[in-house]
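Trainee: Questions regarding the structure given below will be posed in turn.
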Amino acid sequence: MVDSLQDLIQKAAHIIVKSKNLIALTGAGMSAESGIPTFRGENGLWSKYRPEELATPEAFFRNPRFVWEWYAWRIGLVINAKPNPAHKALAELEKMGFLKLTITQNVDNLHERAGTKRLVKLHGDILTARCVSCGYKLHMSEPPKEIPPKCPSCGDIMRPDVVWFGEPLPVKALEKAFEYARRADAIIVVGTSGVVYPAGIIPHVVKNSGGTVIEVNIAESGITEIADIFLKGAAGKVLPELVLEVKRISERT
Ligand code: NAD
Ligand code: ZN
């Protein structure tokens, strides 16, 4: 007989309660219920735009204005979005002492706003602009009025402080993520297609060091075949139920 979602949530909750080094890896699906579109899957941004026209250094230097217009729209979405129950559930799991690190591929700030403190952002921050010449950084609390924005320090153009295709990830963030992954005895993977590397390797690192992979996704992904427990459903529904179950079990023991 196939386990019901409720049975699987219970199994996952037991693993979480027993864990010593639990981590989480999140992707765009985490913020989908906050109204921020994912890149892949239905209604993905990239069904309308080609990624190579937007999220590469080549595209940016060819047409900074076009790329910035796309970012300005996404910055507006992020500023107006609110953390959803999935973000809050992970923040609570951290507060309860179970979740030791959240590693995100998201460039929004919804984990922080939900209260997560132990966070590694692998792909940068969409609300920060960085000068292409001198590296000066500027926090944006609204989409830039002047496009492309100019550096207040040297006058050259600024770019979004995010990692584009073909670019290296921030070294410290990457090192920290892999250090925790090697030590992790369990990982919760939420809303990621698992096809963007090196982030997609993290669940494999946990698995290869003997850890348990728990996945939450509305559909099968590149991670599902190595998942020990696949919780099929929307993150905003499944994660709060999982945390509730963790609470029940840890109060009993
Ligand atoms: P992706 O777009 O490649 O995949 C999204 C995944 O989320 C899919 O597997 C989909 O089935 C799943 N999903 C969609 N809605 C869900 C829900 N409600 N609950 C659970 N799962 C859901 O995203 P990715 O793997 O993160 O990789 C894309 C890259 O795009 C990342 O590098 C990321 O930086 C960037 N990105 C970020 C944001 C953001 O910051 N919010 C948004 C779009 C893209
Ligand atoms: Zn500058």
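Going through the structure tokens in order, the chains are called A, B, and so on, while each chain numbers its residues from 1 and the ligands are numbered from 1 in the order shown.
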Please write out the residues within 7 Å of ligand 2 as a ChimeraX atom specification, counting only C-alpha atoms and all ligand atoms.
Mentor: /A:131-136,151-156
Trainee: What residues of the protein or nucleic acid chains come within 6 Å of ligand 1 when you use only C-alpha atoms and all ligand atoms? Reply as a ChimeraX atom specification.
Mentor: /A:27-33,36-41,105-108,123,191-194,196,216-219,221,234-235
Trainee: Tell me which of A:Pro240, A:Gly210, A:Pro64, A:Pro203 sits closest to Gly222 (chain A), counting only C-alpha atoms.
Mentor: A:Pro203
Trainee: Quick one: residues within 7 Å of region 158-173 of chain A, only C-alpha atoms counted, chain neighbours fewer than 5 positions away excluded, as a ChimeraX atom specification?
Mentor: /A:55-57,120-126,128-132,148-151
Trainee: Would you save the residues of that selection, restricted to C-alpha atoms, as a tab-separated table (two decimals), in the first residue's frame?
Mentor:
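result35.tsv, written as the output of this step:
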```tsv
chain	number	residue	atom	x	y	z
A	55	ALA	CA	20.07	36.46	-16.90
A	56	THR	CA	23.58	36.43	-18.33
A	57	PRO	CA	26.42	38.97	-18.23
A	120	VAL	CA	22.90	31.40	3.18
A	121	LYS	CA	21.95	33.14	-0.05
A	122	LEU	CA	23.69	31.35	-2.89
A	123	HIS	CA	22.46	33.52	-5.75
A	124	GLY	CA	22.66	37.00	-4.29
A	125	ASP	CA	20.02	39.58	-3.50
A	126	ILE	CA	17.71	41.23	-6.00
A	128	THR	CA	20.97	45.18	-4.04
A	129	ALA	CA	22.59	46.91	-7.02
A	130	ARG	CA	26.34	46.65	-7.58
A	131	CYS	CA	28.59	48.92	-9.62
A	132	VAL	CA	30.12	47.08	-12.59
A	148	PRO	CA	20.20	51.53	-15.70
A	149	PRO	CA	21.03	53.07	-12.30
A	150	LYS	CA	24.31	54.98	-12.02
A	151	CYS	CA	26.93	54.36	-9.34
```
Trainee: Could you give me the residues within region 22-135 of chain A that DSSP places in alpha helix (DSSP H), as JSON, numbers by chain?
Mentor: {"A": [29, 30, 31, 32, 51, 52, 53, 54, 57, 58, 59, 60, 61, 62, 64, 65, 66, 67, 68, 69, 70, 71, 72, 73, 74, 75, 76, 77, 78, 79, 80, 85, 86, 87, 88, 89, 90, 91, 92, 93, 94, 95, 110, 111, 112, 113, 114]}
Trainee: Show me, as a list in words, the residues that have an atom within 12 Å of Glu146 (chain A) when counting only C-alpha atoms, minus same-chain residues fewer than 6 positions from it.
Mentor: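 The residues satisfying every condition are Pro64, Arg65, Trp68, Glu69, Ala72, Ile157 and Met158 of chain A.
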Trainee: Can you tell me how far CA of Pro85 (chain A) sits from CA of Leu8 (chain A), in Å to one decimal?
Mentor: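 Computed distance, CA of Pro85 (chain A) to CA of Leu8 (chain A), equals 19.5 Å.
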Trainee: Find the distance between CA of Leu99 (chain A) and CA of Ala81 (chain A) and write it in Å to one decimal.
Mentor: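 Taking CA of Leu99 (chain A) as the start and CA of Ala81 (chain A) as the end point, the length is 24.2 Å.
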Trainee: Quick one: pick out all strand (DSSP E or B) residues within region 79-175 of chain A from a backbone DSSP run and write them as a list in words.
Mentor: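 DSSP on the backbone gives strand (DSSP E or B) at Leu99, Lys100, Leu101, Thr102, Ile103, Thr104, Leu119, Val120, Lys121, Gly124, Asp125, Ile126, Leu127, Thr128, Ala129, Arg130, Cys131, Lys137, Leu138, His139, Lys150, Ile157, Met158, Arg159, Pro160, Asp161 and Val162 of chain A.
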Trainee: Could you check which of A:Ala59, A:Val67, A:Ile15, A:Ile23 is closest to Glu94 (chain A), using only C-alpha atoms?
Mentor: A:Ile23
Trainee: If you count only C-alpha atoms, which residues fall within 12 Å of region 113-116 of chain A, apart from same-chain ones fewer than 2 positions away, as a PyMOL selection string?
Mentor: chain A and resi 24+31+34+78-79+81-97+99-104+108-111+118-121
Trainee: Between A:Ala181, A:Leu127, A:Ala227, A:Val190, which one has atoms that come closest to Val206 (chain A), using only C-alpha atoms?
Mentor: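 Result for the nearest residue to Val206 (chain A): A:Ala181.
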